[in-house]
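Here the structure is laid out as structure tokens; the discussion comes afterwards.
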Amino acid sequence: MRLPVMSGVATGAVAIALHSLFQGGAWFWTSLGIILVVTGIGVLATRYTLPYWLVPPAQLTAVWIYLTAVFAGSQAWALVVPTKDSVLRLAELAADGFTDIQRFAVPVPSTSGITLLTCSGVGLVAICVDFLAVRLRRAALAGLPLLSLFVVPASFLDDPLGWWVVVLGALGFLGLLVADGRERVGHWGRTVLVRRAPSFVAPRPADDPSALRLSGKRVGFTAIALAILLPALLPTLEPDPLFGFGVGSGKGGGGSAISFPNPVANLRRELELPANSTVLTYLTSDNSPRYLRLYSLDVFDGEQWTMTKPVGRAEDRTSAGPLPSAPGQGPGVPTAQVTTRITVSEEVRDLSFLPLPYPPGTIRIDGDWRPDRETLMVFSHSDTAGGASYEVVSAEPRPTAAMLKAAGPAPEAVRERYLPLPDGLPSEIRRLAEEVTGEGTTPYEKAILLQEFFTTKGGFTYSLATQGHDGSALADFLLRSRSGYCEQFAASMAVLARVLGIPSRVAIGYTGGGSVSGRWNVRTHDSHAWPELYFEGAGWLRFEPTPSGPVGQASGSRPPYTYPEVLTDRGDEPSAAPSAGSTGADPSSGPSAARRNPALDRDFGGVPLAADEGVPTAAKAGIGAAFALLGLLIPALLGCVTRQRRRRVYARQAVPPLTPSVPEPAGVTAVRAEHGTAAAVSAAWADLDDALCDYGMAREPSESPRALARRLARQYGFDAEAAAAVTRIAAAVERLLFARTPGATGPMSEDVRRVRRALAATASRGRRIRAVLLPPSTLLRIRAAGARMLDGFDRLGNIRLRLPARRDA
Amino acid sequence: MAVTHDVSPRLDDLVATAHRIREAIESVIEGKSDVIRLTLTVLLAEGHLLIEDVPGVGKTMLAKALARSIDCPVRRVQFTPDLLPSDITGVSAYNQQTREFEFKPGPVFANIVVGDEINRASPKTQSALLECMEEHQVTVDGTTYALDAPFMVIATQNPIEMEGTYPLPEAQRDRFTARIAMGYPEPAAELEMLDVHGATSPIDKLEPVATTAEVRALIEAVRAVYVSQPIKKYAIDLVTATRHSPDLRLGASPRSTLQLVRAARAHAALAGRDYVIPDDLQELCLPVLAHRLLPSVEAQGQRRLPEQVIADLVRRVPVPEAQAR
């Protein structure tokens, strides 16, 4: 009877993992109902011993009736009996559900169709679990349908599942296994098992299978605890981001302490390519390079820029025609139609955002790709960009300086989203923004001055090795170090722009790369971050505060409308063509371009990817080894700490219980002195005991302190001093333990040290080293702690959730 | 020579007095300091001693030397098969002058009673003595006469020559606090014995070195020796171990626990300590417990003596300090 119930519980526990797929909880209650129905039929079938093959059909029928009652009650006869209409209604709902699933991105709303599909799925899993675990008695196999249920949210969600979801699911499955094991063992009769008796329970009668169950639970609980804790403790399994994005997020290696918006964290994974490998290649219709944007980060929380989750609507799919128009880009601005043919390298894995020139207009690509209306990021929940070839037609704005100078204020919606700054932004930064752009009168002029400040006037240097990991990094970069790489530049400029009232955001993607035989070749080192500023009429415009060229971002380029010449009022569009990447631009260099000087790469590589890729295996192995070493040293450290603590205690001079001269409450001094003495003697004795253990000198349990002292002196040939010392210690212990009053003792440090030295002199060198590095006494203590923990597990296992067993069987 | 020592229950005095008695006895019995020490322990623990050994090793000599070195009434009873209980306890005789019965105290009315070859007497007589040992009183013709304190019986027993003897049953052996075996002397000690005992018996020259009052004070001092809770528990552990040992058919009685702790007190006091330590108990386990135990059939088959079993147990039972670890 327990097994079918536990099957239901396990299914329910795992089904909870689905919660993050849905908005609202309606699905859960209906799914719970279906689990109850299936479990109820299972319990009845077990109670009346139905043939096993009859159970799934019965359950299926029950599920059908349940679904009819819940979803098509009005069409059914007497609410429950399915009729033709109710069947049609269910089919209709199911079709709706499939459409909805296609239409909505997670978390989906709990529409009737989706709930129906979810319920049926959960019901089927419940039937499978029941059939495998109860009818076929293969409880372990029942993990497979449970796992399939579990995989659904894991595969659809970008965020990892919460640990408690995993624990809950694992506990459910464990419960199923335990129930199965119990029934099995129950059939055997008595168990033959010797187990350590925990201190708090009386020995059980031998025919109780609880001992076996207890071991099982222990293993289970330990496994779950390890599965949850171990990955958290291992440094290499932590998602360390590609970009230490956010201002001043640390060294080029990227392993910063700052957390990341998920797509950015993905980027590192997506780009786990050998150093200097090609990410994508592209051709443009005007044969000039384009910055290709992946992500747009719009939120600044004082430490880092993060991304609002993009929303992809089904009706905006790339296959459905041109993308929504670029926000803010008015019809008056001249545009240049550019067609870009992009081929993403096969080696790029799991990239679910498309690298695109901004603003993308029409994208020709296979698969379900959807743009976010606000940012025009294009992404997919089902497809990846790796190996994809696609064509983008974009209408690039070519605003004139006059137009930008005359740009009106941004709409309220844009201002609301792209202007907020954290309250704690240092006032120096605000002052700096004002100072730098003092000459400018319009937002556009200020933006140009800002870019000039970063590229030339501010004295900024480009360096991959930047310091700073915390919230003050922004101030550090702007006010003090003035040294960083594209992340810091882009983030800082965006922040300053917001200070000045210009809506801004940070884009992450790639620079134009280098040209090889007419094709533009973008490598991992071309990863880049840049700010985008909003000007009413022109929309979002790219700026480039990062120094480019040999002393900066190699392939970076400044857009024509950002040259300071515009401020001198040339009035028209500057003719300076964006310069291509200086190194790889020579078409004749061909393959040699692919073998760039690694030293240069270090300097030119805009993002810390270069460092990140050079390090992994060796560094991770090193870190792992270091952690293993540290782990091994834990007993030594613990031992040291314990010894130091004891030494402090017994080094204290115990005050002899003198009669107080002042009429102090009688005996107080004496009591205090006794306390001190007792602590000191205990500490000294414990220290000596540990020394014996560490040097491998056995101690009989029946050996009294006095006998031990005598034996040590004799067996290890102590000199007179050491023998006297050990005798003194033993006598003090004896008095402490057995006499009416412990009596006064002097400081015992000297005695303990002398005895320790005498003992060490007789131990072999190996023993002495081991006593320091892996002290057996500490290991024993750790083991004792482990035993106490097991006792705790046993207590846990003793919590009886069930009713007292019936004796009628 | 009258001995006039300051009678005080102080431990130093005890040690000094005990030392004097020991020296006096050692002047008679060579090289048996352990045995003498144990004898003194039993005396101070208000117990009785059973000396069991082959003839001629100085059992009686030891008893007599102890008796002599303390200035107190000492009586010696040679047990024979025809000895009657009244020969020990005393009789009521009709006094024709006073025309009433008069109690003639037997040899048991002394501070130290030496019972030689106790196993030769009939069980009836033996039990008469044993009753006095336990109750410290004699009842004759309905009248109860209290015995003087200290009262110590030193009985000797011959383990061989079993013919015509009545070995003490377990219940009666239990009354004795300790049993010791004298053992043969070391060759050097035997040589010295020849030199000294050759001409005269040194026991004749033995002068009392302590008074009854002094011994009583010593016993008081021993009673004041501190026995901590862990030590009591340890004593119980040791005794319990004998009850659970598969090698023993009969374990030690609760009376033996009491006597063990009492003896341990005396032992500690003799060592100049006012508290008992595990070593006291360990040392006394053998003499105090061994004679009360009966080996199981298997142990007998393996010729394991209770002494060996006790030694094993002492090695196995953890001392209180180890338990605290």
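So you can find residues: chains in the structure tokens are A, B, ... in the order shown, residues in each start at 1, and ligands are numbered from 1 in order.
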8 Å contacts from chain B to chain A using only C-alpha atoms, as number ranges by chain: B: 226-228, 230-231, 274-279, 314-319, 321-323
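When the distance limit is 10 Å and only C-alpha atoms are what count, the residues near Arg262 of chain B, minus those fewer than 2 positions from it on the same chain, are Thr41, Val42, Leu44, Ala45, Glu46, Gly47, Thr177, Val222, Arg223, Val225, Val227, Ser256, Thr257, Leu258, Gln259, Leu260, Ala264, Arg265, Ala266, His267, Ala268, Val276 and Leu281 of chain B.
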Please dump the current selection as a PDB file, in the first residue's frame; keep N, CA and C atoms.
ATOM      1  N   THR B  41      46.625  -3.134  54.988  1.00  0.00           N
ATOM      2  CA  THR B  41      45.471  -2.566  54.294  1.00  0.00           C
ATOM      3  C   THR B  41      44.189  -3.173  54.824  1.00  0.00           C
ATOM      4  N   VAL B  42      44.202  -4.482  54.942  1.00  0.00           N
ATOM      5  CA  VAL B  42      42.992  -5.159  55.407  1.00  0.00           C
ATOM      6  C   VAL B  42      42.679  -4.743  56.850  1.00  0.00           C
ATOM      7  N   LEU B  44      43.365  -1.904  58.288  1.00  0.00           N
ATOM      8  CA  LEU B  44      42.831  -0.552  58.312  1.00  0.00           C
ATOM      9  C   LEU B  44      41.457  -0.479  57.655  1.00  0.00           C
ATOM     10  N   ALA B  45      41.168  -1.442  56.779  1.00  0.00           N
ATOM     11  CA  ALA B  45      39.870  -1.455  56.126  1.00  0.00           C
ATOM     12  C   ALA B  45      38.844  -2.187  56.963  1.00  0.00           C
ATOM     13  N   GLU B  46      39.227  -2.552  58.189  1.00  0.00           N
ATOM     14  CA  GLU B  46      38.330  -3.267  59.106  1.00  0.00           C
ATOM     15  C   GLU B  46      37.851  -4.564  58.495  1.00  0.00           C
ATOM     16  N   GLY B  47      38.742  -5.212  57.805  1.00  0.00           N
ATOM     17  CA  GLY B  47      38.364  -6.459  57.171  1.00  0.00           C
ATOM     18  C   GLY B  47      39.072  -7.631  57.814  1.00  0.00           C
ATOM     19  N   THR B 177      37.885 -10.128  53.552  1.00  0.00           N
ATOM     20  CA  THR B 177      38.140  -9.010  52.646  1.00  0.00           C
ATOM     21  C   THR B 177      39.141  -9.385  51.572  1.00  0.00           C
ATOM     22  N   VAL B 222      41.173   6.431  57.788  1.00  0.00           N
ATOM     23  CA  VAL B 222      40.921   5.739  56.518  1.00  0.00           C
ATOM     24  C   VAL B 222      39.493   5.981  56.075  1.00  0.00           C
ATOM     25  N   ARG B 223      38.581   5.991  57.033  1.00  0.00           N
ATOM     26  CA  ARG B 223      37.176   6.213  56.658  1.00  0.00           C
ATOM     27  C   ARG B 223      36.974   7.571  56.004  1.00  0.00           C
ATOM     28  N   VAL B 225      38.966   8.991  53.949  1.00  0.00           N
ATOM     29  CA  VAL B 225      39.581   9.110  52.611  1.00  0.00           C
ATOM     30  C   VAL B 225      38.477   9.273  51.574  1.00  0.00           C
ATOM     31  N   VAL B 227      36.446   9.164  48.196  1.00  0.00           N
ATOM     32  CA  VAL B 227      36.251   8.321  47.000  1.00  0.00           C
ATOM     33  C   VAL B 227      35.334   9.088  46.058  1.00  0.00           C
ATOM     34  N   SER B 256      31.460  -7.541  48.066  1.00  0.00           N
ATOM     35  CA  SER B 256      32.856  -7.416  47.626  1.00  0.00           C
ATOM     36  C   SER B 256      33.118  -6.003  47.098  1.00  0.00           C
ATOM     37  N   THR B 257      32.102  -5.382  46.460  1.00  0.00           N
ATOM     38  CA  THR B 257      32.303  -4.002  45.999  1.00  0.00           C
ATOM     39  C   THR B 257      32.603  -3.102  47.200  1.00  0.00           C
ATOM     40  N   LEU B 258      31.799  -3.285  48.212  1.00  0.00           N
ATOM     41  CA  LEU B 258      31.969  -2.487  49.414  1.00  0.00           C
ATOM     42  C   LEU B 258      33.369  -2.683  49.979  1.00  0.00           C
ATOM     43  N   GLN B 259      33.764  -3.946  50.056  1.00  0.00           N
ATOM     44  CA  GLN B 259      35.075  -4.227  50.655  1.00  0.00           C
ATOM     45  C   GLN B 259      36.210  -3.765  49.762  1.00  0.00           C
ATOM     46  N   LEU B 260      35.946  -3.828  48.466  1.00  0.00           N
ATOM     47  CA  LEU B 260      36.975  -3.365  47.538  1.00  0.00           C
ATOM     48  C   LEU B 260      37.224  -1.869  47.746  1.00  0.00           C
ATOM     49  N   ALA B 264      40.435  -0.054  49.171  1.00  0.00           N
ATOM     50  CA  ALA B 264      41.102   0.957  48.348  1.00  0.00           C
ATOM     51  C   ALA B 264      41.370   2.212  49.171  1.00  0.00           C
ATOM     52  N   ARG B 265      40.421   2.550  50.047  1.00  0.00           N
ATOM     53  CA  ARG B 265      40.627   3.696  50.939  1.00  0.00           C
ATOM     54  C   ARG B 265      41.874   3.489  51.775  1.00  0.00           C
ATOM     55  N   ALA B 266      41.949   2.301  52.375  1.00  0.00           N
ATOM     56  CA  ALA B 266      43.102   2.016  53.226  1.00  0.00           C
ATOM     57  C   ALA B 266      44.389   2.049  52.423  1.00  0.00           C
ATOM     58  N   HIS B 267      44.280   1.497  51.228  1.00  0.00           N
ATOM     59  CA  HIS B 267      45.458   1.453  50.357  1.00  0.00           C
ATOM     60  C   HIS B 267      45.943   2.867  50.045  1.00  0.00           C
ATOM     61  N   ALA B 268      44.966   3.746  49.728  1.00  0.00           N
ATOM     62  CA  ALA B 268      45.328   5.129  49.422  1.00  0.00           C
ATOM     63  C   ALA B 268      45.931   5.804  50.633  1.00  0.00           C
ATOM     64  N   VAL B 276      41.174   8.241  46.602  1.00  0.00           N
ATOM     65  CA  VAL B 276      41.434   6.951  45.953  1.00  0.00           C
ATOM     66  C   VAL B 276      41.644   7.175  44.467  1.00  0.00           C
ATOM     67  N   LEU B 281      42.435   0.553  43.166  1.00  0.00           N
ATOM     68  CA  LEU B 281      41.475  -0.513  42.878  1.00  0.00           C
ATOM     69  C   LEU B 281      42.115  -1.611  42.045  1.00  0.00           C
TER      70      LEU B 281
END
Show me, as an MDAnalysis selection string, the residues that have an atom within 7 Å of Thr165 of chain B when counting only C-alpha atoms, minus same-chain residues fewer than 2 positions from it. chainID B and resid 119:120 162:163 167
Distance atom CA of Val196 of chain B-atom CA of Gly56 of chain B, one decimal place?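 Separation of atom CA of Val196 of chain B and atom CA of Gly56 of chain B: 16.5 Å.
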Neighbouring residues of segment 299-305 of chain B were defined as those with any atom within 10 Å, considering only C-alpha atoms; residues of the same chain fewer than 6 positions away were excluded. Please report them as a JSON list (two decimals) with N, CA and C atoms, in the first residue's frame.
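Result file out.json:
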[["chain", "number", "residue", "atom", "x", "y", "z"],
["B", 246, "PRO", "N", 32.34, -14.60, 30.76],
["B", 246, "PRO", "CA", 31.97, -15.99, 30.45],
["B", 246, "PRO", "C", 32.88, -17.01, 31.12],
["B", 247, "ASP", "N", 34.01, -16.53, 31.64],
["B", 247, "ASP", "CA", 34.95, -17.46, 32.26],
["B", 247, "ASP", "C", 34.57, -17.76, 33.70],
["B", 248, "LEU", "N", 33.59, -17.04, 34.21],
["B", 248, "LEU", "CA", 33.29, -17.19, 35.64],
["B", 248, "LEU", "C", 31.86, -17.70, 35.84],
["B", 249, "ARG", "N", 31.76, -18.64, 36.72],
["B", 249, "ARG", "CA", 30.44, -19.20, 37.04],
["B", 249, "ARG", "C", 29.77, -18.33, 38.09],
["B", 290, "ALA", "N", 39.54, -12.33, 43.96],
["B", 290, "ALA", "CA", 39.82, -13.64, 43.37],
["B", 290, "ALA", "C", 39.20, -14.78, 44.17],
["B", 293, "LEU", "N", 35.41, -15.85, 43.49],
["B", 293, "LEU", "CA", 34.92, -16.21, 42.16],
["B", 293, "LEU", "C", 35.04, -17.70, 41.93]]
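For Ala24 of chain B, the non-local neighbours within 10 Å, defined as residues at least 3 positions apart in the same chain or in other chains and counting only C-alpha atoms, are Ala18, His19, Arg20, Ile21, Ser27, Val28, Ile29, Ala65, Leu66, Arg68, Ser69, Ile70, Ile203, Leu206, Glu207, Pro208 and Val209 of chain B.
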Residues within 7 Å of segment 76-88 of chain B, only C-alpha atoms, excluding chain neighbours under 6 positions, as a ChimeraX atom specification: /B:106-108,113-118,120-122,124-125,128-129
Expressed in Å, the length from atom CA of Phe173 of chain A to atom CA of Thr111 of chain A is 29.5 Å
As a PyMOL selection string, please: all residues of segment 256-497 of chain A that backbone DSSP puts in strand (DSSP E or B). chain A and resi 278-284+292-297+299-300+305-306+312+329+335-344+353+356+360-364+370-372+378-379+389-397+461-462+483-484
For the residues in that selection, give me C-alpha atoms as a compact mmCIF listing (two decimals), in the first residue's frame.
# COMPACT_ATOMS: atom_id res chain seq x y z
CA THR A 278 37.16 32.61 -35.77
CA VAL A 279 33.72 33.30 -34.41
CA LEU A 280 32.07 34.32 -37.63
CA THR A 281 32.74 35.69 -41.06
CA TYR A 282 30.64 38.10 -43.04
CA LEU A 283 30.34 39.99 -46.27
CA THR A 284 28.82 43.42 -46.55
CA LEU A 292 27.91 43.19 -34.75
CA ARG A 293 25.81 43.42 -31.63
CA LEU A 294 24.65 40.49 -29.52
CA TYR A 295 23.28 41.96 -26.34
CA SER A 296 22.06 45.26 -25.13
CA LEU A 297 22.42 46.00 -21.42
CA VAL A 299 20.16 48.49 -16.37
CA PHE A 300 22.94 49.94 -14.24
CA TRP A 305 25.29 46.72 -16.34
CA THR A 306 22.70 44.03 -16.75
CA GLY A 312 10.22 37.80 -28.18
CA GLN A 329 14.69 56.34 -35.82
CA THR A 335 19.84 55.88 -44.04
CA ALA A 336 22.13 53.58 -45.96
CA GLN A 337 20.78 50.16 -46.94
CA VAL A 338 23.42 47.57 -46.18
CA THR A 339 23.13 43.86 -46.70
CA THR A 340 25.31 41.70 -44.52
CA ARG A 341 25.78 37.97 -45.05
CA ILE A 342 26.96 36.38 -41.85
CA THR A 343 28.19 32.85 -41.30
CA VAL A 344 28.70 31.85 -37.71
CA PHE A 353 21.46 35.49 -29.81
CA LEU A 356 23.74 41.57 -36.04
CA PRO A 360 18.55 44.96 -38.30
CA GLY A 361 15.69 45.32 -40.70
CA THR A 362 15.05 42.07 -42.47
CA ILE A 363 16.75 38.84 -41.44
CA ARG A 364 16.69 35.77 -43.60
CA ARG A 370 12.42 36.60 -32.53
CA PRO A 371 13.48 40.17 -31.94
CA ASP A 372 12.98 42.15 -28.80
CA VAL A 378 17.30 38.76 -31.94
CA PHE A 379 17.24 35.51 -30.07
CA SER A 389 24.25 31.47 -42.21
CA TYR A 390 21.95 34.38 -42.55
CA GLU A 391 21.45 37.63 -44.33
CA VAL A 392 20.57 40.91 -42.73
CA VAL A 393 19.34 44.00 -44.46
CA SER A 394 19.79 47.00 -42.27
CA ALA A 395 18.98 50.63 -42.75
CA GLU A 396 21.87 52.34 -41.02
CA PRO A 397 21.14 55.85 -39.89
CA THR A 461 45.20 54.09 -21.16
CA TYR A 462 44.12 50.78 -22.50
CA SER A 483 43.21 52.44 -17.09
CA GLY A 484 40.98 49.69 -18.39
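The space separating atom CA of Val140 of chain B from atom CA of Asn95 of chain B comes to 16.2 Å.
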Could you check the closest approach to Gly58 of chain B for each of B:Lys32, B:Arg179, B:Arg292, B:Arg75 and tell me which residue wins, using only C-alpha atoms? B:Lys32
Please provide as a PyMOL selection string all residues within 8 Å of Thr562 of chain A, with the sequence filter that same-chain residues fewer than 5 positions apart are discarded (counting only C-alpha atoms). chain A and resi 448+451+543
Write to file, as a PDB file, in the first residue's frame, the residues of the selection just made, with C-alpha atoms.
ATOM      1  CA  ILE A 448      31.139  64.006 -28.570  1.00  0.00           C
ATOM      2  CA  GLN A 451      33.960  60.400 -26.220  1.00  0.00           C
ATOM      3  CA  PHE A 543      29.870  55.647 -29.816  1.00  0.00           C
TER       4      PHE A 543
END
Considering only C-alpha atoms, state which residue in the set B:Ala181, B:Leu313, B:Ala149, B:Ile51 is at the smallest distance from Val215 of chain B.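 Residue with the minimum atom-to-atom distance to Val215 of chain B: B:Ala149.
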